[in-house]
$ cat query_16.cif   # mmCIF, C-alpha atoms (C1' of nucleotides)
data_protein
loop_
_atom_site.label_atom_id
_atom_site.label_comp_id
_atom_site.auth_asym_id
_atom_site.auth_seq_id
_atom_site.Cartn_x
_atom_site.Cartn_y
_atom_site.Cartn_z
CA MET A 1 -15.52 -1.24 0.37
CA SER A 2 -12.31 -2.92 -0.66
CA ARG A 3 -8.97 -1.94 0.69
CA THR A 4 -7.36 0.90 -1.16
CA VAL A 5 -3.87 0.07 0.03
CA ARG A 6 -3.11 -3.17 -1.69
CA MET A 7 0.00 -5.18 -2.33
CA ASN A 8 1.90 -4.63 -5.54
CA GLN A 9 0.46 -6.66 -8.37
CA GLY A 10 3.99 -7.55 -9.34
CA VAL A 11 4.14 -9.89 -6.36
CA GLU A 12 1.55 -12.16 -7.91
CA TRP A 13 3.36 -12.13 -11.24
CA ALA A 14 6.72 -12.81 -9.64
CA LEU A 15 5.36 -15.80 -7.71
CA HIS A 16 3.76 -17.33 -10.78
CA GLY A 17 6.99 -16.75 -12.67
CA CYS A 18 9.08 -18.47 -10.01
CA VAL A 19 6.74 -21.46 -9.98
CA ALA A 20 7.09 -21.80 -13.74
CA LEU A 21 10.87 -21.47 -13.51
CA SER A 22 10.96 -24.24 -10.92
CA TRP A 23 9.62 -26.63 -13.54
CA VAL A 24 12.32 -26.16 -16.13
CA ALA A 25 15.89 -27.41 -16.00
CA ARG A 26 18.00 -25.47 -13.54
CA ASP A 27 20.69 -24.70 -16.12
CA ARG A 28 18.23 -23.29 -18.60
CA ALA A 29 17.40 -19.59 -18.78
CA ILE A 30 13.94 -18.36 -19.80
CA PRO A 31 13.54 -14.89 -21.31
CA ALA A 32 11.18 -12.47 -19.64
CA ALA A 33 9.13 -12.28 -22.85
CA LYS A 34 8.44 -16.03 -22.72
CA LEU A 35 7.34 -15.91 -19.09
CA ALA A 36 5.11 -12.96 -19.89
CA GLU A 37 3.45 -14.73 -22.80
CA LEU A 38 2.98 -17.81 -20.65
CA ASN A 39 0.92 -15.82 -18.16
CA GLY A 40 -0.66 -13.33 -20.53
CA LEU A 41 1.20 -10.40 -18.99
CA PRO A 42 2.85 -7.28 -20.48
CA ALA A 43 6.45 -8.26 -21.07
CA PRO A 44 8.26 -4.99 -20.28
CA TYR A 45 6.75 -4.64 -16.85
CA LEU A 46 7.24 -8.27 -15.88
CA ASN A 47 10.85 -7.74 -16.86
CA LYS A 48 11.02 -5.04 -14.22
CA GLN A 49 9.79 -7.39 -11.54
CA LEU A 50 12.22 -10.10 -12.57
CA GLN A 51 15.03 -7.57 -12.35
CA ALA A 52 14.02 -6.89 -8.76
CA LEU A 53 14.14 -10.62 -8.03
CA ALA A 54 17.57 -10.87 -9.64
CA HIS A 55 18.79 -7.88 -7.63
CA ALA A 56 17.60 -9.58 -4.45
CA GLY A 57 19.46 -12.78 -5.28
CA VAL A 58 16.37 -14.90 -5.92
CA LEU A 59 16.95 -15.18 -9.66
CA ARG A 60 20.07 -15.27 -11.79
CA SER A 61 20.05 -13.34 -15.05
CA THR A 62 21.96 -14.11 -18.21
CA ASN A 63 22.44 -11.76 -21.10
CA GLY A 64 22.55 -12.37 -24.81
CA PRO A 65 20.99 -15.09 -26.99
CA LYS A 66 19.79 -18.15 -25.08
CA GLY A 67 19.82 -15.87 -22.07
CA GLY A 68 17.08 -15.01 -19.61
CA PHE A 69 16.27 -15.74 -15.98
CA ARG A 70 16.68 -18.85 -13.88
CA LEU A 71 16.34 -19.63 -10.19
CA ALA A 72 19.43 -18.70 -8.21
CA ARG A 73 18.96 -21.70 -5.90
CA GLY A 74 16.69 -24.70 -5.49
CA PRO A 75 12.96 -23.92 -5.34
CA GLU A 76 12.75 -25.52 -1.90
CA GLU A 77 15.26 -22.89 -0.74
CA ILE A 78 13.17 -19.95 -1.94
CA THR A 79 10.41 -18.90 0.44
CA VAL A 80 7.37 -16.92 -0.54
CA LEU A 81 8.62 -14.18 1.75
CA ASP A 82 11.83 -13.94 -0.25
CA VAL A 83 9.83 -13.10 -3.35
CA VAL A 84 7.48 -10.70 -1.59
CA LEU A 85 10.28 -8.73 0.02
CA ALA A 86 12.24 -8.63 -3.23
CA ILE A 87 9.32 -6.84 -4.91
CA GLU A 88 7.99 -4.74 -2.04
CA GLY A 89 11.19 -3.93 -0.22
CA GLU A 90 12.51 -5.01 3.16
CA GLY A 91 10.76 -2.38 5.28
CA GLU A 92 7.66 -3.11 7.32
CA ALA A 93 4.22 -1.92 6.26
CA PHE A 94 3.60 0.10 9.43
CA ARG A 95 6.02 2.88 10.12
CA CYS A 96 5.91 4.60 13.50
CA THR A 97 6.35 8.36 13.24
CA GLU A 98 6.75 8.78 16.99
CA ILE A 99 3.80 11.04 17.46
CA ARG A 100 4.02 10.26 21.16
CA GLN A 101 6.91 12.74 21.18
CA ARG A 102 4.71 15.51 19.81
CA GLY A 103 1.96 17.63 21.31
CA PRO A 104 1.78 19.34 24.70
CA PHE A 105 2.74 16.18 26.65
CA PRO A 106 5.57 14.50 24.79
CA THR A 107 6.82 11.22 26.16
CA PRO A 108 10.26 11.80 27.74
CA ARG A 109 13.17 10.88 25.51
CA ARG A 110 14.48 8.25 27.88
CA ASP A 111 11.16 6.38 27.73
CA CYS A 112 11.35 6.28 23.94
CA ARG A 113 14.17 3.81 23.77
CA VAL A 114 11.52 1.10 23.93
CA PRO A 115 9.20 1.05 20.92
CA CYS A 116 5.83 2.73 21.05
CA GLN A 117 3.21 0.25 22.23
CA ILE A 118 1.21 0.73 19.06
CA ALA A 119 4.24 0.13 16.88
CA SER A 120 4.98 -2.96 18.95
CA VAL A 121 1.57 -4.47 18.23
CA MET A 122 1.88 -3.76 14.53
CA HIS A 123 5.35 -5.26 14.53
CA ASP A 124 4.08 -8.46 16.17
CA ALA A 125 1.41 -8.76 13.50
CA GLU A 126 3.93 -8.21 10.72
CA MET A 127 6.14 -10.92 12.19
CA ALA A 128 3.24 -13.37 12.27
CA TRP A 129 2.55 -12.50 8.64
CA ARG A 130 6.16 -13.02 7.64
CA ARG A 131 6.42 -16.27 9.55
CA THR A 132 3.53 -17.71 7.58
CA LEU A 133 5.16 -16.71 4.31
CA THR A 134 8.48 -18.16 5.42
CA GLU A 135 6.96 -21.58 6.02
CA ARG A 136 5.99 -22.00 2.38
CA SER A 137 8.50 -22.39 -0.43
CA ILE A 138 8.20 -22.10 -4.18
CA ALA A 139 8.65 -25.88 -4.33
CA ASP A 140 5.65 -26.36 -2.02
CA ILE A 141 3.42 -24.23 -4.20
CA ALA A 142 4.67 -25.86 -7.38
CA ALA A 143 3.88 -29.29 -5.94
CA GLU A 144 0.37 -28.22 -4.98
CA VAL A 145 -0.30 -26.75 -8.39
CA GLU A 146 0.95 -29.92 -10.06
CA ALA A 147 -1.20 -32.06 -7.77
CA SER A 148 -4.36 -30.21 -8.76
CA ASN A 149 -3.44 -29.97 -12.43
CA PRO A 150 -0.91 -32.69 -13.33
CA GLN A 151 -0.72 -31.76 -17.01
CA VAL A 152 0.35 -28.16 -16.66
CA ARG A 153 4.01 -28.81 -15.98
CA LYS A 154 4.54 -31.03 -18.98
CA ARG A 155 2.58 -28.69 -21.22
CA ILE A 156 4.60 -25.70 -20.19
CA CYS A 157 7.90 -27.50 -20.70
CA SER A 158 6.83 -28.71 -24.14
CA TRP A 159 5.70 -25.25 -25.10
CA LEU A 160 9.00 -23.75 -24.00
CA ASP A 161 10.91 -26.39 -25.96
CA SER A 162 8.90 -25.96 -29.16
CA SER A 163 9.06 -22.18 -29.25
CA SER A 164 12.69 -21.71 -28.34
CA MET B 1 15.59 0.08 0.57
CA SER B 2 12.43 0.61 2.52
CA ARG B 3 9.07 -0.65 1.45
CA THR B 4 7.26 1.64 -0.92
CA VAL B 5 3.85 0.17 -0.21
CA ARG B 6 3.19 1.21 3.33
CA MET B 7 0.15 1.34 5.53
CA ASN B 8 -1.86 4.54 5.68
CA GLN B 9 -0.42 6.96 8.17
CA GLY B 10 -3.96 7.61 9.34
CA VAL B 11 -3.92 4.22 11.06
CA GLU B 12 -1.31 5.42 13.51
CA TRP B 13 -3.23 8.62 14.19
CA ALA B 14 -6.49 6.78 14.65
CA LEU B 15 -4.98 4.37 17.16
CA HIS B 16 -3.43 7.15 19.22
CA GLY B 17 -6.73 9.00 19.10
CA CYS B 18 -8.67 5.98 20.34
CA VAL B 19 -6.23 5.47 23.21
CA ALA B 20 -6.70 9.08 24.27
CA LEU B 21 -10.47 8.78 24.02
CA SER B 22 -10.38 5.68 26.23
CA TRP B 23 -9.04 7.86 29.04
CA VAL B 24 -11.86 10.40 29.16
CA ALA B 25 -15.37 9.88 30.47
CA ARG B 26 -17.47 7.75 28.16
CA ASP B 27 -20.27 10.34 27.99
CA ARG B 28 -17.96 13.14 26.99
CA ALA B 29 -17.25 14.05 23.38
CA ILE B 30 -13.89 15.42 22.28
CA PRO B 31 -13.64 17.58 19.14
CA ALA B 32 -11.31 16.50 16.39
CA ALA B 33 -9.40 19.76 16.76
CA LYS B 34 -8.55 18.95 20.39
CA LEU B 35 -7.35 15.46 19.54
CA ALA B 36 -5.25 16.89 16.73
CA GLU B 37 -3.64 19.48 18.99
CA LEU B 38 -2.99 16.79 21.58
CA ASN B 39 -0.91 14.80 19.08
CA GLY B 40 0.49 17.66 17.05
CA LEU B 41 -1.41 16.63 13.93
CA PRO B 42 -3.20 18.63 11.21
CA ALA B 43 -6.78 18.88 12.40
CA PRO B 44 -8.71 18.65 9.10
CA TYR B 45 -7.06 15.44 8.04
CA LEU B 46 -7.39 13.76 11.43
CA ASN B 47 -11.04 14.67 11.20
CA LYS B 48 -11.21 12.61 8.04
CA GLN B 49 -9.82 9.56 9.80
CA LEU B 50 -12.19 9.96 12.72
CA GLN B 51 -15.07 10.10 10.27
CA ALA B 52 -13.98 6.76 8.89
CA LEU B 53 -13.94 5.33 12.40
CA ALA B 54 -17.42 6.70 13.06
CA HIS B 55 -18.68 5.28 9.79
CA ALA B 56 -17.31 1.87 10.80
CA GLY B 57 -19.07 2.01 14.15
CA VAL B 58 -15.94 2.36 16.26
CA LEU B 59 -16.64 5.94 17.29
CA ARG B 60 -19.83 7.90 17.87
CA SER B 61 -19.98 11.46 16.59
CA THR B 62 -21.99 14.35 18.05
CA ASN B 63 -22.65 17.61 16.28
CA GLY B 64 -22.88 21.14 17.60
CA PRO B 65 -21.29 22.82 20.62
CA LYS B 66 -19.94 20.41 23.23
CA GLY B 67 -19.92 17.89 20.42
CA GLY B 68 -17.12 15.76 19.06
CA PHE B 69 -16.14 12.08 19.02
CA ARG B 70 -16.38 9.41 21.70
CA LEU B 71 -15.90 5.65 21.73
CA ALA B 72 -18.95 3.75 20.52
CA ARG B 73 -18.29 0.94 23.01
CA GLY B 74 -15.90 0.06 25.80
CA PRO B 75 -12.19 0.21 24.90
CA GLU B 76 -11.83 -3.46 25.78
CA GLU B 77 -14.40 -4.20 23.08
CA ILE B 78 -12.44 -2.39 20.35
CA THR B 79 -9.65 -4.41 18.80
CA VAL B 80 -6.71 -2.96 16.94
CA LEU B 81 -7.98 -4.73 13.85
CA ASP B 82 -11.27 -2.84 14.10
CA VAL B 83 -9.39 0.43 13.82
CA VAL B 84 -7.07 -0.73 11.05
CA LEU B 85 -9.89 -2.06 8.89
CA ALA B 86 -11.95 1.09 9.47
CA ILE B 87 -9.16 3.17 7.95
CA GLU B 88 -7.81 0.82 5.31
CA GLY B 89 -11.00 -0.94 4.27
CA GLU B 90 -12.16 -4.51 4.73
CA GLY B 91 -10.47 -6.03 1.68
CA GLU B 92 -7.28 -8.07 1.91
CA ALA B 93 -3.93 -6.66 0.85
CA PHE B 94 -3.29 -9.36 -1.75
CA ARG B 95 -5.80 -9.58 -4.54
CA CYS B 96 -5.65 -12.57 -6.87
CA THR B 97 -6.23 -11.60 -10.50
CA GLU B 98 -6.54 -15.22 -11.61
CA ILE B 99 -3.66 -15.14 -14.02
CA ARG B 100 -3.77 -18.94 -13.96
CA GLN B 101 -6.75 -18.57 -16.30
CA ARG B 102 -4.69 -16.62 -18.82
CA GLY B 103 -1.99 -17.56 -21.27
CA PRO B 104 -1.77 -20.57 -23.60
CA PHE B 105 -2.56 -23.12 -20.87
CA PRO B 106 -5.38 -21.71 -18.75
CA THR B 107 -6.46 -23.75 -15.75
CA PRO B 108 -9.86 -25.32 -16.53
CA ARG B 109 -12.79 -23.40 -15.11
CA ARG B 110 -13.95 -26.29 -12.93
CA ASP B 111 -10.55 -26.39 -11.19
CA CYS B 112 -10.84 -22.69 -10.34
CA ARG B 113 -13.57 -23.12 -7.79
CA VAL B 114 -10.80 -23.68 -5.27
CA PRO B 115 -8.58 -20.65 -4.71
CA CYS B 116 -5.28 -20.32 -6.51
CA GLN B 117 -2.52 -21.87 -4.39
CA ILE B 118 -0.62 -18.60 -4.32
CA ALA B 119 -3.70 -16.69 -3.20
CA SER B 120 -4.25 -19.32 -0.55
CA VAL B 121 -0.80 -18.79 0.95
CA MET B 122 -1.25 -15.03 0.98
CA HIS B 123 -4.65 -15.45 2.56
CA ASP B 124 -3.22 -17.63 5.34
CA ALA B 125 -0.63 -14.96 6.06
CA GLU B 126 -3.24 -12.22 6.14
CA MET B 127 -5.31 -14.27 8.59
CA ALA B 128 -2.30 -14.68 10.87
CA TRP B 129 -1.76 -10.93 10.71
CA ARG B 130 -5.38 -10.20 11.52
CA ARG B 131 -5.46 -12.72 14.35
CA THR B 132 -2.58 -10.92 16.05
CA LEU B 133 -4.37 -7.59 15.74
CA THR B 134 -7.59 -9.09 17.05
CA GLU B 135 -5.93 -10.28 20.22
CA ARG B 136 -5.06 -6.74 21.32
CA SER B 137 -7.64 -4.16 22.31
CA ILE B 138 -7.47 -0.41 22.75
CA ALA B 139 -7.79 -1.00 26.50
CA ASP B 140 -4.70 -3.25 26.44
CA ILE B 141 -2.61 -0.61 24.70
CA ALA B 142 -3.91 2.16 26.95
CA ALA B 143 -2.96 0.12 30.01
CA GLU B 144 0.54 -0.49 28.67
CA VAL B 145 1.06 3.17 27.87
CA GLU B 146 -0.13 4.14 31.33
CA ALA B 147 2.16 1.57 32.92
CA SER B 148 5.21 3.02 31.20
CA ASN B 149 4.17 6.64 31.74
CA PRO B 150 1.70 6.90 34.66
CA GLN B 151 1.34 10.69 34.44
CA VAL B 152 0.16 10.99 30.87
CA ARG B 153 -3.46 10.05 31.50
CA LYS B 154 -4.02 12.57 34.27
CA ARG B 155 -2.23 15.29 32.36
CA ILE B 156 -4.31 14.78 29.27
CA CYS B 157 -7.56 14.82 31.24
CA SER B 158 -6.58 18.00 33.06
CA TRP B 159 -5.59 19.65 29.81
CA LEU B 160 -8.89 18.71 28.21
CA ASP B 161 -10.80 20.06 31.23
CA SER B 162 -8.94 23.35 31.37
CA SER B 163 -9.19 24.12 27.67
CA SER B 164 -12.81 23.20 27.14
"C1'" DG C 1 39.00 -29.07 -42.79
"C1'" DA C 2 40.01 -26.17 -38.69
"C1'" DC C 3 40.56 -21.77 -36.58
"C1'" DG C 4 39.97 -16.90 -35.76
"C1'" DG C 5 37.55 -12.51 -36.33
"C1'" DG C 6 33.66 -9.75 -37.15
"C1'" DG C 7 28.85 -8.96 -37.54
"C1'" DT C 8 24.34 -9.65 -35.88
"C1'" DA C 9 20.58 -10.67 -33.25
"C1'" DC C 10 18.93 -11.35 -28.86
"C1'" DT C 11 18.86 -10.44 -23.95
"C1'" DC C 12 18.81 -7.67 -19.81
"C1'" DG C 13 19.08 -3.00 -17.55
"C1'" DG C 14 17.91 1.44 -16.39
"C1'" DA C 15 15.79 5.79 -17.61
"C1'" DT C 16 11.30 7.74 -18.94
"C1'" DA C 17 5.80 9.09 -19.15
"C1'" DG C 18 0.86 8.37 -17.32
"C1'" DA C 19 -2.75 6.95 -13.99
"C1'" DG C 20 -4.47 6.15 -9.37
"C1'" DC C 21 -4.23 6.74 -4.60
"C1'" DT C 22 -2.81 8.90 -0.40
"C1'" DT C 23 -2.21 13.14 1.79
"C1'" DG C 24 -3.70 17.59 2.99
"C1'" DT C 25 -7.22 21.41 2.88
"C1'" DC C 26 -11.37 23.91 2.67
"C1'" DC C 27 -16.10 25.55 3.27
"C1'" DG C 28 -21.09 24.39 3.94
"C1'" DA C 29 -25.07 21.71 6.57
"C1'" DG C 30 -26.72 20.52 10.95
"C1'" DT C 31 -27.21 20.88 15.78
"C1'" DT C 32 -27.01 22.46 20.29
"C1'" DA C 33 -26.15 25.81 23.90
"C1'" DG C 34 -26.99 30.17 25.52
"C1'" DC C 35 -29.52 34.37 25.80
"C1'" DG C 36 -33.18 37.51 25.55
"C1'" DT C 37 -37.98 38.27 25.79
"C1'" DG C 38 -42.61 37.69 27.11
"C1'" DG C 39 -45.98 35.70 30.19
"C1'" DC D 1 -39.55 33.68 38.44
"C1'" DC D 2 -40.25 30.41 34.57
"C1'" DA D 3 -40.93 28.96 29.85
"C1'" DC D 4 -40.31 29.65 25.12
"C1'" DG D 5 -38.25 31.09 20.80
"C1'" DC D 6 -34.38 32.96 18.44
"C1'" DT D 7 -29.78 33.83 17.50
"C1'" DA D 8 -25.26 32.50 17.12
"C1'" DA D 9 -21.38 29.77 17.52
"C1'" DC D 10 -19.46 25.41 17.23
"C1'" DT D 11 -19.14 20.80 15.35
"C1'" DC D 12 -19.11 17.28 11.88
"C1'" DG D 13 -19.51 15.98 6.94
"C1'" DG D 14 -18.39 15.73 2.36
"C1'" DA D 15 -16.41 17.94 -1.73
"C1'" DC D 16 -11.94 19.75 -3.61
"C1'" DA D 17 -6.52 20.19 -5.04
"C1'" DA D 18 -1.39 18.60 -4.77
"C1'" DG D 19 2.31 15.16 -4.24
"C1'" DC D 20 3.84 10.63 -4.53
"C1'" DT D 21 3.84 5.83 -5.67
"C1'" DC D 22 2.57 2.19 -8.70
"C1'" DT D 23 1.81 0.85 -13.44
"C1'" DA D 24 3.29 0.64 -17.98
"C1'" DT D 25 6.64 1.51 -21.72
"C1'" DC D 26 10.68 2.35 -24.37
"C1'" DC D 27 15.33 2.30 -26.11
"C1'" DG D 28 20.34 1.65 -25.15
"C1'" DA D 29 24.42 -1.46 -23.18
"C1'" DG D 30 26.21 -5.90 -23.18
"C1'" DT D 31 26.94 -10.60 -24.60
"C1'" DA D 32 26.86 -15.03 -26.83
"C1'" DC D 33 26.08 -17.18 -31.06
"C1'" DC D 34 26.76 -17.76 -35.97
"C1'" DC D 35 28.76 -17.01 -40.29
"C1'" DC D 36 32.46 -16.06 -43.23
"C1'" DG D 37 37.07 -15.65 -44.63
"C1'" DT D 38 41.60 -17.25 -44.18
"C1'" DC D 39 45.33 -20.49 -43.18
#

$ encode --input "query_16.cif" --output "C-alpha cells"
Amino acid sequence: MSRTVRMNQGVEWALHGCVALSWVARDRAIPAAKLAELNGLPAPYLNKQLQALAHAGVLRSTNGPKGGFRLARGPEEITVLDVVLAIEGEGEAFRCTEIRQRGPFPTPRRDCRVPCQIASVMHDAEMAWRRTLTERSIADIAAEVEASNPQVRKRICSWLDSSS
Amino acid sequence: MSRTVRMNQGVEWALHGCVALSWVARDRAIPAAKLAELNGLPAPYLNKQLQALAHAGVLRSTNGPKGGFRLARGPEEITVLDVVLAIEGEGEAFRCTEIRQRGPFPTPRRDCRVPCQIASVMHDAEMAWRRTLTERSIADIAAEVEASNPQVRKRICSWLDSSS
DNA sequence: GACGGGGTACTCGGATAGAGCTTGTCCGAGTTAGCGTGG
DNA sequence: CCACGCTAACTCGGACAAGCTCTATCCGAGTACCCCGTC
C-alpha cells in the first residue's frame, strides 16, 4: 500500500533542471524545451515548473531568442528546500483545523493561544524535514552526481553547445 | 500562497480520536458516532479513518451492540507515526521516477543500483520527519493536553458514561 | 561601408481541459444483547 | 427459578458519488536578433 498523498512530481523535475543549469555558464540561458528534452520530459509542463521557480526567485528568466532560464544565484546558495517550496508552496503539509474548539467540550479560547499539541508535534516534524533539506544545496547534489558519473557534465554541455 | 499538497485531514481526526480513546477504560469500546460527536465531525467519514487504523493494527474493532473501537495496545506503545502511516499509507512522499535514465545521456544501468542523489536527499529528510514522529506517543500527547486542560478528561468520560 | 528601421522567429507567461485522489455519504453484513418461552 | 433460542437493534465494513487538486496542453504577449534599405 503506497502513500496516496505524494509530493508533486514537478519537484523532481525542478531539481534535475537546477542541477543541469548549475553546469552551464552562469550568463547563459537555457530554454525550457532544451531542459525538457535533456530529461525526456513534456516541455510545456516543465515550463510551468520553471515559471514557479522564477517567480520564487530561484531562477531568472529571459525572453526572446537566445533566451530561457538561468540560476538567479550561485548553486551553492540554492538549497533543496528553496526548490521544494517554490513548487509546493510555503505552507506546511499539516494544517490544524482547531477541532479542539468543537464538540460538547471546546477548549476555552484563552487556552488556544498556544498551538494544539498535535499541531505542535507535526510542526516539529516538518521543521526537522525542512532542516535536512536546507543543509543540502544544488551545488552539493551536482558535485555528487559528477563524482559518480564524471562524463555527464561534459556531455550535457557539449550537447547544449551543438544544438543551440 | 499556501501549499496545495497537504496532508490528509483524516490524520488530524485520527490523532484526536486516539487521544480520546486513551482516556477511557481499555476494555471499553467507543462507537465511531460517539467519537465523531465528541469532536464535531461527520460520523461516516470518521468511521472510514478508524477503519484504516483498525486495519493497521492500531485500533481493535468490535461489532454489535456495546461495540465500537478501542486501542489495540497501550497508548504509550502507539507513536504518532503509527497513526499517520495508517491513514496516509506506508510509502514515502517523494517518489523517484528515475528520470536520470531518460533523455539523450541516460545514466548507465550499473550506476543506478545506488539511489539517485536527489532521491537520497529526499529520503534523508523523510527519515528525519519520521524520527520526530516516532519519538512522540499518544500517551505523551494525552498527558500534555491534560496538563493544559485538566478538566477535559473527566468531562469526556462522564459524557461517555451518561450517553451510553 | 555604416546606421537605422522593420520584420521575423523564438522565448516565456498565463489561461484552459482532463484525470486521479481526497472528501463525504450511504446502505448492507455481522454480531451481540436482551427478552420471551419452555423445562 | 434457570437455561435456551429467537428476535431485534446496534455496530462495523465496504461500495458509491461529488469536489478539488495535480497533470498536461495550448496559444498569445513580449523581446532580441537579423536582414534590408538608405544615407

$ residues_around --input "query_16.cif" --residues "range 15-27 of chain C" --least-positions-apart "5" --cutoff "10 Å" --atoms "all atoms listed in the file" --output "mmCIF file with C-alpha atoms (C1' of nucleotides), in the coordinates of the input"
data_model
loop_
_atom_site.group_PDB
_atom_site.id
_atom_site.type_symbol
_atom_site.label_atom_id
_atom_site.label_comp_id
_atom_site.auth_asym_id
_atom_site.auth_seq_id
_atom_site.Cartn_x
_atom_site.Cartn_y
_atom_site.Cartn_z
ATOM 1 C CA THR A 4 -7.360 0.900 -1.160
ATOM 2 C CA VAL A 5 -3.870 0.070 0.030
ATOM 3 C CA ASN B 8 -1.860 4.540 5.680
ATOM 4 C CA GLN B 9 -0.420 6.960 8.170
ATOM 5 C CA GLY B 10 -3.960 7.610 9.340
ATOM 6 C CA PRO B 42 -3.200 18.630 11.210
ATOM 7 C CA ALA B 43 -6.780 18.880 12.400
ATOM 8 C CA PRO B 44 -8.710 18.650 9.100
ATOM 9 C CA TYR B 45 -7.060 15.440 8.040
ATOM 10 C CA LEU B 46 -7.390 13.760 11.430
ATOM 11 C "C1'" DA D 15 -16.410 17.940 -1.730
ATOM 12 C "C1'" DC D 16 -11.940 19.750 -3.610
ATOM 13 C "C1'" DA D 17 -6.520 20.190 -5.040
ATOM 14 C "C1'" DA D 18 -1.390 18.600 -4.770
ATOM 15 C "C1'" DG D 19 2.310 15.160 -4.240
ATOM 16 C "C1'" DC D 20 3.840 10.630 -4.530
ATOM 17 C "C1'" DT D 21 3.840 5.830 -5.670
ATOM 18 C "C1'" DC D 22 2.570 2.190 -8.700
ATOM 19 C "C1'" DT D 23 1.810 0.850 -13.440
ATOM 20 C "C1'" DA D 24 3.290 0.640 -17.980
ATOM 21 C "C1'" DT D 25 6.640 1.510 -21.720
ATOM 22 C "C1'" DC D 26 10.680 2.350 -24.370
ATOM 23 C "C1'" DC D 27 15.330 2.300 -26.110
ATOM 24 C "C1'" DG D 28 20.340 1.650 -25.150
#

$ residues_around --input "query_16.cif" --residues "DA3 in chain D" --least-positions-apart "2" --cutoff "12 Å" --atoms "all atoms listed in the file" --output "VMD selection string"
(chain C and resid 37 to 39) or (chain D and resid 1 5)

$ interface_residues --input "query_16.cif" --of "chain A" --to "chain D" --cutoff "6 Å" --atoms "only C-alpha atoms (C1' of nucleotides)" --output "CSV table (one decimal) with C-alpha atoms, in the coordinates of the input"
chain,number,residue,atom,x,y,z
A,63,ASN,CA,22.4,-11.8,-21.1
A,64,GLY,CA,22.6,-12.4,-24.8
A,65,PRO,CA,21.0,-15.1,-27.0

$ resolve_selection --input "query_16.cif" --expression "the PyMOL selection byres ((chain A) within 12 of (chain C))" --output "VMD selection string"
chain A and resid 3 to 6 29 to 34 44 47 to 52 54 to 55 60 to 69

$ resolve_selection --input "query_16.cif" --expression "the PyMOL selection byres ((chain A and resi 58) around 8)" --output "NGL selection string"
:A and (53-57 or 59-60 or 71-73 or 78 or 82-83 or 86)

$ write_last_selection --input "query_16.cif" --atoms "C-alpha atoms" --output "PDB file, in the coordinates of the input"
ATOM      1  CA  LEU A  53      14.140 -10.620  -8.030  1.00  0.00           C
ATOM      2  CA  ALA A  54      17.570 -10.870  -9.640  1.00  0.00           C
ATOM      3  CA  HIS A  55      18.790  -7.880  -7.630  1.00  0.00           C
ATOM      4  CA  ALA A  56      17.600  -9.580  -4.450  1.00  0.00           C
ATOM      5  CA  GLY A  57      19.460 -12.780  -5.280  1.00  0.00           C
ATOM      6  CA  LEU A  59      16.950 -15.180  -9.660  1.00  0.00           C
ATOM      7  CA  ARG A  60      20.070 -15.270 -11.790  1.00  0.00           C
ATOM      8  CA  LEU A  71      16.340 -19.630 -10.190  1.00  0.00           C
ATOM      9  CA  ALA A  72      19.430 -18.700  -8.210  1.00  0.00           C
ATOM     10  CA  ARG A  73      18.960 -21.700  -5.900  1.00  0.00           C
ATOM     11  CA  ILE A  78      13.170 -19.950  -1.940  1.00  0.00           C
ATOM     12  CA  ASP A  82      11.830 -13.940  -0.250  1.00  0.00           C
ATOM     13  CA  VAL A  83       9.830 -13.100  -3.350  1.00  0.00           C
ATOM     14  CA  ALA A  86      12.240  -8.630  -3.230  1.00  0.00           C
TER      15      ALA A  86
END

$ resolve_selection --input "query_16.cif" --expression "the PyMOL selection byres ((chain D and resi 35) around 10)" --output "JSON list (two decimals) with C-alpha atoms (C1' of nucleotides), in the frame of the given file"
[["chain", "number", "residue", "atom", "x", "y", "z"],
["C", 6, "DG", "C1'", 33.66, -9.75, -37.15],
["C", 7, "DG", "C1'", 28.85, -8.96, -37.54],
["C", 8, "DT", "C1'", 24.34, -9.65, -35.88],
["D", 33, "DC", "C1'", 26.08, -17.18, -31.06],
["D", 34, "DC", "C1'", 26.76, -17.76, -35.97],
["D", 36, "DC", "C1'", 32.46, -16.06, -43.23],
["D", 37, "DG", "C1'", 37.07, -15.65, -44.63]]

$ atom_distance --input "query_16.cif" --atom1 "CA of Gly17 in chain B" --atom2 "C1' of DA29 in chain C"
25.6 Å

$ atom_distance --input "query_16.cif" --atom1 "CA of Asp27 in chain A" --atom2 "CA of Arg70 in chain A"
7.4 Å

$ axis_aligned_box --input "query_16.cif" --around "range 34-42 of chain A" --padding-each-side "3 Å" --output "lines of an AutoDock Vina configuration file"
center_x = 3.9
center_y = -12.5
center_z = -20.5
size_x = 15.1
size_y = 16.5
size_z = 10.6

$ atom_distance --input "query_16.cif" --atom1 "C1' of DT7 in chain D" --atom2 "CA of Ser162 in chain B"
27.1 Å
